[in-house]
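What follows is one structure encoded as structure tokens, with my remarks underneath.
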Amino acid sequence: MKQMNDPQTARCMEILSIIGDLWTLAIVMTLQESERRFNELQRAIPKVNAVTLTNRLRRLEEAGIVSRVAESKSKQSTVYGLTPFGRKLMPIVDAVRAVALDLERSGEAP
């Protein structure tokens with residue numbers, strides 16, 4: 001069993017603290033299909049406010065999960081997408097989605 005002070009375990013815990021967040025999963029699910037602008041993301045993700053979305057996108061960009069490309073000097077032309085590393089999260093996101101749908105269908109959803 002790995003020790004908590006093991007560098008690999010510590011890195012896994014760091015990544016889990018990022019990807020285990022509700023808003024991270026929502027953003028990754030939304031970006032799975034295609035790149036999106038900030039307002040498109042905000043409209044597509046229920047109940048997320050602008051401050052939370054901005055903070056989460058910054059954190060995901062710093063972690064190498066989301067890319068941010070400014071198509072021009074206008075903020076409205078900034079596009080967010082998944083990086084190759086971010087795409088590696090898709091099996092996890094798809095598994096969470098499948099469990100949620102199964103729970104919903106079974107009537108056991110919280």
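Here's how to read the names in the structure tokens: chain A, B, ... by the order shown, residue numbers from 1 in each chain, ligand numbers from 1 in the order shown.
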
Check: Do you know which residues are at most 8 Å from A:Ile18 counting only C-alpha atoms, after dropping those on the same chain fewer than 5 positions away, and could you put them as a PyMOL selection string?
Finding: chain A and resi 24+59-60

Grab the residues selected above and save them as a compact mmCIF listing (two decimals), in the first residue's frame with N, CA and C atoms.
# COMPACT_ATOMS: atom_id res chain seq x y z
N THR A 24 -16.00 21.11 -12.20
CA THR A 24 -15.03 20.54 -13.13
C THR A 24 -15.70 19.51 -14.02
N ARG A 59 -8.41 27.47 -12.88
CA ARG A 59 -7.78 26.33 -12.20
C ARG A 59 -7.55 25.18 -13.18
N LEU A 60 -8.52 24.92 -14.03
CA LEU A 60 -8.40 23.84 -15.01
C LEU A 60 -7.33 24.17 -16.06

Note to self: Give me, as a ChimeraX atom specification, the residues of stretch 56-101 of chain A that a backbone DSSP run labels alpha helix (DSSP H).
What the structure shows: /A:56-62,84-87,90-101

Next item on the list: Please identify all polymer residues within 10 Å of stretch 83-94 of chain A, counting only C-alpha atoms, omitting same-chain residues fewer than 4 positions from it, and present them as a ChimeraX atom specification.
Entry: /A:19-20,24-26,28-29,31-32,60-61,63-68,98-100

Next item on the list: Write out as an MDAnalysis selection string which residues come within 9 Å of A:Ser34 when counting only C-alpha atoms, dropping same-chain ones fewer than 3 positions away.
Entry: chainID A and resid 30:31 80:82

Now that the selection is made, can you save its residues with N, CA and C atoms as a PDB file, in the first residue's frame?
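So selection_26.pdb came out as:
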ATOM      1  N   THR A  30     -19.288  19.433 -20.749  1.00  0.00           N
ATOM      2  CA  THR A  30     -19.746  20.420 -21.727  1.00  0.00           C
ATOM      3  C   THR A  30     -18.734  20.604 -22.846  1.00  0.00           C
ATOM      4  N   LEU A  31     -17.459  20.537 -22.523  1.00  0.00           N
ATOM      5  CA  LEU A  31     -16.418  20.715 -23.537  1.00  0.00           C
ATOM      6  C   LEU A  31     -16.104  19.430 -24.299  1.00  0.00           C
ATOM      7  N   TYR A  80     -12.646  28.091 -25.059  1.00  0.00           N
ATOM      8  CA  TYR A  80     -12.135  27.083 -24.143  1.00  0.00           C
ATOM      9  C   TYR A  80     -12.340  25.699 -24.750  1.00  0.00           C
ATOM     10  N   GLY A  81     -11.366  24.834 -24.553  1.00  0.00           N
ATOM     11  CA  GLY A  81     -11.459  23.466 -25.043  1.00  0.00           C
ATOM     12  C   GLY A  81     -10.677  22.540 -24.140  1.00  0.00           C
ATOM     13  N   LEU A  82     -10.852  21.268 -24.351  1.00  0.00           N
ATOM     14  CA  LEU A  82     -10.100  20.282 -23.581  1.00  0.00           C
ATOM     15  C   LEU A  82      -8.728  20.081 -24.211  1.00  0.00           C
TER      16      LEU A  82
END

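Between atom CA of A:Met13 and atom CA of A:Ala44 the interatomic distance comes to 28.6 Å.
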
Notebook entry, point to check: Interatomic distance between atom CA of A:Ser17 and atom CA of A:Asn49?
Noted result: 20.4 Å

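Closest approach to A:Val51 among A:Leu16, A:Trp23, A:Arg36, A:Ser77 is made by A:Trp23 (distances from only C-alpha atoms).
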
Item checked: Which residue of A:Val69, A:Leu22, A:Ile15, A:Val96 approaches A:Pro46 most closely, using only C-alpha atoms ->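 Distance minimum relative to A:Pro46 lands on A:Leu22.
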
Checklist line | Selection near A:Thr78, 8 Å with only C-alpha atoms, sequence-local residues under 6 positions removed, as number ranges by chain | finding: A: 37-38, 68-72

Could those selected residues go to a file with C-alpha atoms, as a PDB file, in the first residue's frame?
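Result file selection.pdb:
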ATOM      1  CA  ARG A  37     -16.939  30.496 -25.417  1.00  0.00           C
ATOM      2  CA  PHE A  38     -17.456  31.589 -21.798  1.00  0.00           C
ATOM      3  CA  ARG A  68      -7.895  28.960 -23.423  1.00  0.00           C
ATOM      4  CA  VAL A  69      -7.401  30.548 -26.829  1.00  0.00           C
ATOM      5  CA  ALA A  70      -8.074  34.221 -27.450  1.00  0.00           C
ATOM      6  CA  GLU A  71      -9.084  34.546 -31.094  1.00  0.00           C
ATOM      7  CA  SER A  72      -8.755  38.323 -30.894  1.00  0.00           C
TER       8      SER A  72
END

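Note that the spacing between atom CA of A:Leu101 and atom CA of A:Gln42 amounts to 22.6 Å.
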
Margin query: Just checking: using only C-alpha atoms, which residue out of A:Thr52, A:Val79, A:Leu57, A:Cys12 ends up closest to A:Glu40?
Written below: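 Of A:Thr52, A:Val79, A:Leu57, A:Cys12, the one nearest A:Glu40 is A:Val79, counting only C-alpha atoms.
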
Next item on the list: Taking the DSSP assignment computed from this structure's backbone, write out as number ranges by chain all residues of chain A that belong to strand (DSSP E).
Entry: A: 36-37, 66-70, 78-82

Restricting the output to N, CA, C and O atoms, write the selected residues as a CSV table (one decimal), in the first residue's frame.
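Final output, result-v6.csv:
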chain,number,residue,atom,x,y,z
A,36,ARG,N,-16.0,25.9,-26.6
A,36,ARG,CA,-17.1,26.8,-26.3
A,36,ARG,C,-16.5,28.1,-25.8
A,36,ARG,O,-15.4,28.2,-25.2
A,37,ARG,N,-17.2,29.2,-26.0
A,37,ARG,CA,-16.9,30.5,-25.4
A,37,ARG,C,-17.5,30.5,-24.0
A,37,ARG,O,-18.3,29.7,-23.6
A,66,VAL,N,-7.8,22.3,-19.4
A,66,VAL,CA,-8.5,23.1,-20.4
A,66,VAL,C,-7.6,24.1,-21.0
A,66,VAL,O,-6.7,24.6,-20.4
A,67,SER,N,-7.8,24.3,-22.3
A,67,SER,CA,-7.0,25.3,-23.0
A,67,SER,C,-7.9,26.6,-23.2
A,67,SER,O,-9.1,26.5,-23.3
A,68,ARG,N,-7.2,27.7,-23.2
A,68,ARG,CA,-7.9,29.0,-23.4
A,68,ARG,C,-7.2,29.7,-24.6
A,68,ARG,O,-6.0,29.9,-24.5
A,69,VAL,N,-8.0,29.9,-25.6
A,69,VAL,CA,-7.4,30.5,-26.8
A,69,VAL,C,-8.2,31.8,-27.1
A,69,VAL,O,-9.4,31.8,-27.3
A,70,ALA,N,-7.5,32.9,-27.1
A,70,ALA,CA,-8.1,34.2,-27.5
A,70,ALA,C,-8.0,34.4,-29.0
A,70,ALA,O,-6.9,34.5,-29.5
A,78,THR,N,-12.7,34.6,-26.8
A,78,THR,CA,-11.9,33.6,-26.1
A,78,THR,C,-12.7,32.2,-26.1
A,78,THR,O,-13.8,32.2,-25.8
A,79,VAL,N,-11.9,31.2,-26.5
A,79,VAL,CA,-12.5,29.9,-26.7
A,79,VAL,C,-11.8,28.9,-25.7
A,79,VAL,O,-10.6,28.9,-25.6
A,80,TYR,N,-12.6,28.1,-25.1
A,80,TYR,CA,-12.1,27.1,-24.1
A,80,TYR,C,-12.3,25.7,-24.7
A,80,TYR,O,-13.4,25.4,-25.4
A,81,GLY,N,-11.4,24.8,-24.6
A,81,GLY,CA,-11.5,23.5,-25.0
A,81,GLY,C,-10.7,22.5,-24.1
A,81,GLY,O,-9.9,23.0,-23.3
A,82,LEU,N,-10.9,21.3,-24.4
A,82,LEU,CA,-10.1,20.3,-23.6
A,82,LEU,C,-8.7,20.1,-24.2
A,82,LEU,O,-8.6,20.0,-25.4
